[in-house]
There are 2 protein chains.
Amino acid sequence: MQTKDLKKFFHPKSIAIIGASKDFTSISGKPLKNLIRTNFTGEIYPVNPRYDEIEGLKCYSSILEIQQKVDLALIAVSASRLTSILRDCIEKNVRHIMLFSSGFAEIGESGKKIQDEVAKIALENNINIIGPNCVGCLNVKDSIPMGFATSLESKNGYKSGNIGLVSQSGALGFSVFGLAQEENLGFTYVVNTGNEMDVTTLDTVEFLLEDADTTVIAAYMEGISNGEQLIQVAKRAKELRKPLIILKSGKSAIGKEAALSHTASLAGSEETFQVITKQYGITTVKDIDEMIDAMRIFSRGKWAEGKKIATVSNSGAAGIAMADFSEEFGLVLEPLQGETKAKIEAIIPSYGSSLNPIDITAQALKEQHILTDTVEALVKDDNTNVIVIQTTFGGELGEEICRKIVEIDQRVEKPIIVTVTGTEELTGENREILRRNGVPVYKTTHDTMLAVKHLVDLSMYHHDGSNVRNHPILAGPLVGEEEKNRIWTEEKVKSVLEQLNLRVPKNVILQSEKDVDQCIGKLKFPLVAKIISDDILHKTEAGGVKLGIQTIDEAKKAYQEIAQSTRKYNPSANIRGVLLEEMLDKKGVEMFIGIKNDPAFGSFIVCGLGGVFIEVLKDISIRHVPIDRTEALSMVEELKGFPILLGTRGEQRSDIEAFVEALVKVSDFVYDQNQTLEEMDINPVVVLNEGEGLVALDGLIIWEKVETEILVSS
Amino acid sequence: MQTKDLKKFFHPKSIAIIGASKDFTSISGKPLKNLIRTNFTGEIYPVNPRYDEIEGLKCYSSILEIQQKVDLALIAVSASRLTSILRDCIEKNVRHIMLFSSGFAEIGESGKKIQDEVAKIALENNINIIGPNCVGCLNVKDSIPMGFATSLESKNGYKSGNIGLVSQSGALGFSVFGLAQEENLGFTYVVNTGNEMDVTTLDTVEFLLEDADTTVIAAYMEGISNGEQLIQVAKRAKELRKPLIILKSGKSAIGKEAALSHTASLAGSEETFQVITKQYGITTVKDIDEMIDAMRIFSRGKWAEGKKIATVSNSGAAGIAMADFSEEFGLVLEPLQGETKAKIEAIIPSYGSSLNPIDITAQALKEQHILTDTVEALVKDDNTNVIVIQTTFGGELGEEICRKIVEIDQRVEKPIIVTVTGTEELTGENREILRRNGVPVYKTTHDTMLAVKHLVDLSMYHHDGSNVRNHPILAGPLVGEEEKNRIWTEEKVKSVLEQLNLRVPKNVILQSEKDVDQCIGKLKFPLVAKIISDDILHKTEAGGVKLGIQTIDEAKKAYQEIAQSTRKYNPSANIRGVLLEEMLDKKGVEMFIGIKNDPAFGSFIVCGLGGVFIEVLKDISIRHVPIDRTEALSMVEELKGFPILLGTRGEQRSDIEAFVEALVKVSDFVYDQNQTLEEMDINPVVVLNEGEGLVALDGLIIWEKVETEILVSS
């Protein structure tokens, strides 16, 4: 699935630094300094007409002067000089460029113009560019820093590991990297994409997913430029069982505006983004702390077999907090049973608690085995999927306990997560022992339980195999391109629903008043008559609807009145007839099913109850298309008005199953049309009592706008 | 208002340590070690019959052996030996005791028994006790550690300041203290109350409030033992303008259960606690990190004059995040205007942003003045109430900028809050400079904006002066004790409502069928008839209601039928008559007003809309009584169904003002009855169109249970 081969960016054998400076404190001096300092084993070619050599390296006046092959060019010159340098690179046959320069799309129209021009040249000449407005990238595995980000200068070197990180923002990305390194988390690659003239965050995620050493991917993005790509990478991440953590900013209106000016990206709708991430198993985080916390638990590489947590602490307060946050985060804390409970009762003091949270009491301050024996008992407990330990121990004892926890963690497959609360002075070394050995450790109960939630959510997502649907077969009618004239009114939508086996009232279409006589035998009174016209979408407002027709004469009269009213309402409307149909003789719950096309992600299906639920409470559920029955049921269940369907106030249970089936059928139909639907509205759908099904009473489809279309005047 | 004088606990001139041990690593050895190590200037008397001396101090076999006065006794002996030692203390006339021992209420019934016994002896002999199950207290001002908490052993000494901290949990309290000290926050006192046999968390808050050096109070509690006291301390905190930060655990069902076994407290209803804290201006936090973050911003002692935030950063990503979190936390980020905007435009690079968030760009990495000049411009901007700065600067430049921020912060009254994102290696010293000088500094944007939210919320609470009502005059009828027979049915409640000038339908009470003739001229048909009986509260179910009565004969027939049905429904019911009243001839929105008595806090007023809003959505607003018009309006506005009152779906606006007035009147009435009301229900209240008022159609009052009451059989 990978669209771009980025490997060459990060594994160059030779690097030219165009605009290299002797001033190693400057942006154009630092990339060179960093490569020298980390003993880059490939060739380095500084390019700057002002110098003959820098730090003993020959300095070239132009890249064209270099005789050898150049795999990668790092460019830190002003935007105005860029096009000519780019031409040199093309001549030199350099295929990979990192562009550190700023002054492009992020500064507005003038910069955007240069950026577009550069992008055009690059595309024409098959050049891959990271940036502009980028602070650099880092191949952590081979210790190759390419850029001027401050974290690249760390005196402690780089710790390699299994996390791949990509960030649209350089400051944020390298802050996360630096902070995570300080907590002993190891990385494969760190990439800052900046303005994403060519290589995007999602391109980089694709690359990281296919890299065997990278098993956890974290990305910061300020907008979703390619929704379909996001879904594809999420599906691939699921296949490979690699967690994909995304921090997306630009939630608020002002934040979105700021994102536009920052890296010139489209922040997109927060709501659809949340739906997509939940449905496709992307772990979303609110800030960099939560991102690092999620990295830590995922990089351990263990999965939860279920949602059941057992917690052990020596402080009652911590136990209470663990219980509180478990509930808040949807984790399950059940009292221990049988053998496990008996074992733990025998280990802890009589005034401790062998329930869950387990309180081993301050007595554990004296005897190491109290905590670790309790953990051993939980390891063997089939009802415990994740073990969470909280300690405040310092000193020798704390260290001894932590070493024992490391030993257990390395021996068993069950995730073991630790909170060590306390000052650096007292408990710093404890945390260090755990970190060095990859045991996920946190400072507060809140952060611990939130990380556990991420682990459990993703484990369950993989486990249930739910949500990601690859809809295999045609579900119903496939509409031909020629039929997709902009608007489909009720009668046409209803014929589609019938083909999907969704019930609509029995009906006939009248072309004239005379048709009534011929049709009427086929229908049962009372009837309803409705205008059919692409130009009259608000039928009631136009006087285009007559209810409660009881006789043939009333039907004829209705036809006349509708024809008259609608002609008056819109004299130029193209009227295609009058729909005459049976009125529903049963009561039920009025609901609706809708389809919305999102510019980034395509079709979403929406449902809800009518009346105050939609009008006052905006009580709706949304999913990306396609969905299956499980997903459809979850849509219905998450509605605030769901109890109405279960039957409140002495009413019977509604036919929820029928509605769920309808959602799936509509979703399948829409999916088959390959995103050519702009909007669909089936409203109301009357859901009858259990076993009686449902009836769709009205519908409308708007096909996507075709550029050449001539809109009917109205 | 203070109920207990705790000062003597924390300023002893002489301390006896009963059960003092030579083993300074043990719980009974540490209190002595800590006092010696901190050079306690008063007298120390170790008491332990096993030693003659400890560390050169004479050791006594009993407290009675000590000749001099003993101000405070620290006791760390087993629970079983406690009563005899307590008797010794009484004989020695020791008035203040800290009880470190565990094995009391927290271990269950047997421990509870000993605890109650000890409490009884203490009460009888006027002894003040902190604990048991407590790890100690610390007078930070005078550096007097009393206990064995690990944080008391810090090699770095104690940093005094303006924060007073009290915690029911020792582990949590001293963790918070230790972590806060490591970030340079200073304290006055740190108190762990443990099982709260005598001195409670709230008693300690009272003490801290009245201490002149303490200007910020933080408390951890696992339950609210005294709701009225919480409200009193909150009111006092408001008077003194001292922030009161509370972390309360035991939110979840399991957490609450764990709290019970931990320090034997009643966790109380989370919902009422949230209502109380919001209404009385208590800052609530979810975990210890947020508590420390709130301490930091409050301990600076500056207040926000409004909600308007201006943010400055050198990273676009940080700006977006600041905007996102501002919106999430209800802060206001408006574009800068006029002179300020022009000034900042002149300072920052052309490709920066002088909007808000202000992006000073990476250019600021080179020139210190870009950031600080921008801040100076914001200091002078009248539309900016709080300045939030985010930097990622390290090294010399970062330090220079931080020193300049300190200088500005000390010169101006406007709050200046800083986020320094980055590793300890790179930015640790920057944070240190700010912390040393009291400038609130945080590591992430989320934490920064959440702290700013706490500051702004409390500033606005003080500023608006809202919410805390001291209801001054009698609002309506004061019900005499003798009248408060358990249940008041509809007719009696309606007469109260009439006295409060709240409209009820015109009515008469029939004692017999004959009464109809005499009464009927006073009422307009159609009428409704309803049974009056304390024993029949579900009137409709009992056949006790007849609607739509159009004639005198129908009225008589209704009387007969009601008498018959209700007699059949409950033969022994005491029937006091039939209420005959006019039916409402107008439509409106059906709402309800209720009063609930909470065991911890007293009366709460509740309101909401009828129908699906209450039955399906549980859409209600709650406030503590008394409320004023502003508070009542906010109750109505926060209802999800509020748009119904504004007039959705072509309906007119309802008389919201009349409903608000009704809420205030009912609240005043209930407040005047001094919490003798157990329950009140006015349902439905039909709110008519704007200007037409409302009508209360039914009501019930249940007065508080009197122990001697004989319940009517049914």
# chains A, B, ... in the order shown; residues from 1 in each chain; ligands from 1
>>> residues_around(residues="A:Val312", least_positions_apart="3", cutoff="8 Å", atoms="only C-alpha atoms", output="count of residues only")
13
>>> closest_atom_pairs(of="chain A", to="chain B", cutoff="6 Å", atoms="only C-alpha atoms", output="JSON lines")
{"residue": "A:Ile107", "atom": "CA", "partner": "B:Tyr351", "partner_atom": "CA", "distance": 4.6}
{"residue": "A:Ser175", "atom": "CA", "partner": "B:Gly422", "partner_atom": "CA", "distance": 5.3}
{"residue": "A:Gly178", "atom": "CA", "partner": "B:Thr423", "partner_atom": "CA", "distance": 5.8}
{"residue": "A:Leu179", "atom": "CA", "partner": "B:Thr423", "partner_atom": "CA", "distance": 5.1}
{"residue": "A:Gly250", "atom": "CA", "partner": "B:Ile320", "partner_atom": "CA", "distance": 5.9}
{"residue": "A:Lys251", "atom": "CA", "partner": "B:Asp324", "partner_atom": "CA", "distance": 5.6}
{"residue": "A:Ser252", "atom": "CA", "partner": "B:Asp324", "partner_atom": "CA", "distance": 4.8}
{"residue": "A:Ile254", "atom": "CA", "partner": "B:Ala323", "partner_atom": "CA", "distance": 5.9}
{"residue": "A:Gly255", "atom": "CA", "partner": "B:Ile320", "partner_atom": "CA", "distance": 4.4}
{"residue": "A:Ala258", "atom": "CA", "partner": "B:Ile320", "partner_atom": "CA", "distance": 5.6}
{"residue": "A:His262", "atom": "CA", "partner": "B:Gly316", "partner_atom": "CA", "distance": 5.2}
{"residue": "A:Gly316", "atom": "CA", "partner": "B:His262", "partner_atom": "CA", "distance": 5.2}
{"residue": "A:Ile320", "atom": "CA", "partner": "B:Gly255", "partner_atom": "CA", "distance": 4.4}
{"residue": "A:Ala323", "atom": "CA", "partner": "B:Gly255", "partner_atom": "CA", "distance": 4.8}
{"residue": "A:Asp324", "atom": "CA", "partner": "B:Ser252", "partner_atom": "CA", "distance": 4.8}
{"residue": "A:Tyr351", "atom": "CA", "partner": "B:Ile107", "partner_atom": "CA", "distance": 4.6}
{"residue": "A:Gly422", "atom": "CA", "partner": "B:Ser175", "partner_atom": "CA", "distance": 5.4}
{"residue": "A:Thr423", "atom": "CA", "partner": "B:Leu179", "partner_atom": "CA", "distance": 5.1}
>>> residues_around(residues="B:Lys557", least_positions_apart="6", cutoff="10 Å", atoms="only C-alpha atoms", output="mmCIF file with C-alpha atoms, in the first residue's frame")
data_model
loop_
_atom_site.group_PDB
_atom_site.id
_atom_site.type_symbol
_atom_site.label_atom_id
_atom_site.label_comp_id
_atom_site.auth_asym_id
_atom_site.auth_seq_id
_atom_site.Cartn_x
_atom_site.Cartn_y
_atom_site.Cartn_z
ATOM 1 C CA GLU B 513 -71.525 15.404 48.395
ATOM 2 C CA LYS B 546 -61.852 12.781 37.984
ATOM 3 C CA ILE B 549 -66.361 17.779 35.160
ATOM 4 C CA THR B 551 -71.981 20.166 35.528
ATOM 5 C CA ALA B 563 -65.179 8.099 47.740
#
>>> residues_around(residues="A:Thr214", least_positions_apart="2", cutoff="8 Å", atoms="only C-alpha atoms", output="JSON list (two decimals) with all heavy atoms, in the first residue's frame")
[["chain", "number", "residue", "atom", "x", "y", "z"],
["A", 161, "GLY", "N", 14.99, 2.17, 19.86],
["A", 161, "GLY", "CA", 13.95, 1.29, 20.41],
["A", 161, "GLY", "C", 12.96, 0.93, 19.34],
["A", 161, "GLY", "O", 13.34, 0.76, 18.18],
["A", 162, "ASN", "N", 11.68, 0.89, 19.69],
["A", 162, "ASN", "CA", 10.69, 0.40, 18.73],
["A", 162, "ASN", "C", 9.60, 1.41, 18.38],
["A", 162, "ASN", "O", 8.58, 1.08, 17.81],
["A", 162, "ASN", "CB", 10.06, -0.90, 19.25],
["A", 162, "ASN", "CG", 9.39, -0.70, 20.61],
["A", 162, "ASN", "OD1", 9.40, 0.39, 21.17],
["A", 162, "ASN", "ND2", 8.82, -1.76, 21.14],
["A", 163, "ILE", "N", 9.81, 2.70, 18.75],
["A", 163, "ILE", "CA", 8.79, 3.72, 18.49],
["A", 163, "ILE", "C", 9.18, 4.58, 17.29],
["A", 163, "ILE", "O", 10.30, 5.08, 17.23],
["A", 163, "ILE", "CB", 8.60, 4.63, 19.72],
["A", 163, "ILE", "CG1", 8.24, 3.80, 20.97],
["A", 163, "ILE", "CG2", 7.50, 5.67, 19.44],
["A", 163, "ILE", "CD1", 8.37, 4.57, 22.27],
["A", 164, "GLY", "N", 8.25, 4.73, 16.35],
["A", 164, "GLY", "CA", 8.46, 5.64, 15.24],
["A", 164, "GLY", "C", 7.59, 6.87, 15.46],
["A", 164, "GLY", "O", 6.42, 6.75, 15.83],
["A", 187, "PHE", "N", 13.52, 4.91, 20.22],
["A", 187, "PHE", "CA", 12.87, 5.19, 18.95],
["A", 187, "PHE", "C", 13.59, 4.53, 17.78],
["A", 187, "PHE", "O", 14.76, 4.15, 17.88],
["A", 187, "PHE", "CB", 12.82, 6.70, 18.72],
["A", 187, "PHE", "CG", 11.88, 7.41, 19.64],
["A", 187, "PHE", "CD1", 12.21, 7.66, 20.96],
["A", 187, "PHE", "CD2", 10.63, 7.82, 19.17],
["A", 187, "PHE", "CE1", 11.32, 8.29, 21.82],
["A", 187, "PHE", "CE2", 9.74, 8.46, 20.02],
["A", 187, "PHE", "CZ", 10.08, 8.70, 21.35],
["A", 188, "THR", "N", 12.87, 4.44, 16.65],
["A", 188, "THR", "CA", 13.51, 4.03, 15.40],
["A", 188, "THR", "C", 13.81, 5.27, 14.55],
["A", 188, "THR", "O", 14.95, 5.53, 14.21],
["A", 188, "THR", "CB", 12.59, 3.07, 14.60],
["A", 188, "THR", "OG1", 11.30, 3.67, 14.51],
["A", 188, "THR", "CG2", 12.50, 1.72, 15.27],
["A", 208, "LEU", "N", 6.64, 4.01, 8.41],
["A", 208, "LEU", "CA", 6.94, 3.47, 9.74],
["A", 208, "LEU", "C", 6.23, 2.15, 9.97],
["A", 208, "LEU", "O", 6.78, 1.22, 10.58],
["A", 208, "LEU", "CB", 6.56, 4.49, 10.82],
["A", 208, "LEU", "CG", 7.38, 5.79, 10.85],
["A", 208, "LEU", "CD1", 6.75, 6.82, 11.78],
["A", 208, "LEU", "CD2", 8.84, 5.51, 11.26],
["A", 209, "LEU", "N", 5.00, 2.04, 9.47],
["A", 209, "LEU", "CA", 4.24, 0.80, 9.65],
["A", 209, "LEU", "C", 4.98, -0.38, 9.02],
["A", 209, "LEU", "O", 5.01, -1.48, 9.58],
["A", 209, "LEU", "CB", 2.87, 0.92, 8.97],
["A", 209, "LEU", "CG", 1.73, 1.53, 9.80],
["A", 209, "LEU", "CD1", 0.52, 1.77, 8.91],
["A", 209, "LEU", "CD2", 1.36, 0.62, 10.96],
["A", 210, "GLU", "N", 5.58, -0.15, 7.85],
["A", 210, "GLU", "CA", 6.24, -1.25, 7.14],
["A", 210, "GLU", "C", 7.65, -1.51, 7.64],
["A", 210, "GLU", "O", 8.26, -2.50, 7.25],
["A", 210, "GLU", "CB", 6.26, -0.97, 5.63],
["A", 210, "GLU", "CG", 4.88, -0.74, 5.01],
["A", 210, "GLU", "CD", 3.89, -1.88, 5.26],
["A", 210, "GLU", "OE1", 4.34, -3.04, 5.36],
["A", 210, "GLU", "OE2", 2.68, -1.61, 5.38],
["A", 211, "ASP", "N", 8.16, -0.63, 8.50],
["A", 211, "ASP", "CA", 9.49, -0.85, 9.05],
["A", 211, "ASP", "C", 9.42, -1.90, 10.16],
["A", 211, "ASP", "O", 8.68, -1.73, 11.14],
["A", 211, "ASP", "CB", 10.04, 0.48, 9.61],
["A", 211, "ASP", "CG", 11.40, 0.28, 10.26],
["A", 211, "ASP", "OD1", 12.34, -0.12, 9.56],
["A", 211, "ASP", "OD2", 11.50, 0.49, 11.49],
["A", 212, "ALA", "N", 10.18, -2.98, 10.00],
["A", 212, "ALA", "CA", 10.06, -4.11, 10.92],
["A", 212, "ALA", "C", 10.44, -3.74, 12.35],
["A", 212, "ALA", "O", 9.88, -4.27, 13.31],
["A", 212, "ALA", "CB", 10.93, -5.27, 10.44],
["A", 216, "VAL", "N", 5.50, 0.58, 17.31],
["A", 216, "VAL", "CA", 4.55, 1.57, 17.82],
["A", 216, "VAL", "C", 4.74, 2.84, 17.00],
["A", 216, "VAL", "O", 5.88, 3.27, 16.81],
["A", 216, "VAL", "CB", 4.80, 1.89, 19.31],
["A", 216, "VAL", "CG1", 3.83, 2.95, 19.81],
["A", 216, "VAL", "CG2", 4.71, 0.64, 20.17],
["A", 217, "ILE", "N", 3.64, 3.43, 16.52],
["A", 217, "ILE", "CA", 3.76, 4.65, 15.73],
["A", 217, "ILE", "C", 2.99, 5.77, 16.40],
["A", 217, "ILE", "O", 1.83, 5.60, 16.79],
["A", 217, "ILE", "CB", 3.24, 4.43, 14.29],
["A", 217, "ILE", "CG1", 4.16, 3.44, 13.58],
["A", 217, "ILE", "CG2", 3.21, 5.74, 13.51],
["A", 217, "ILE", "CD1", 3.48, 2.19, 13.19]]
>>> atom_distance(atom1="atom CA of A:Gln232", atom2="atom CA of A:Thr201")
13.5 Å
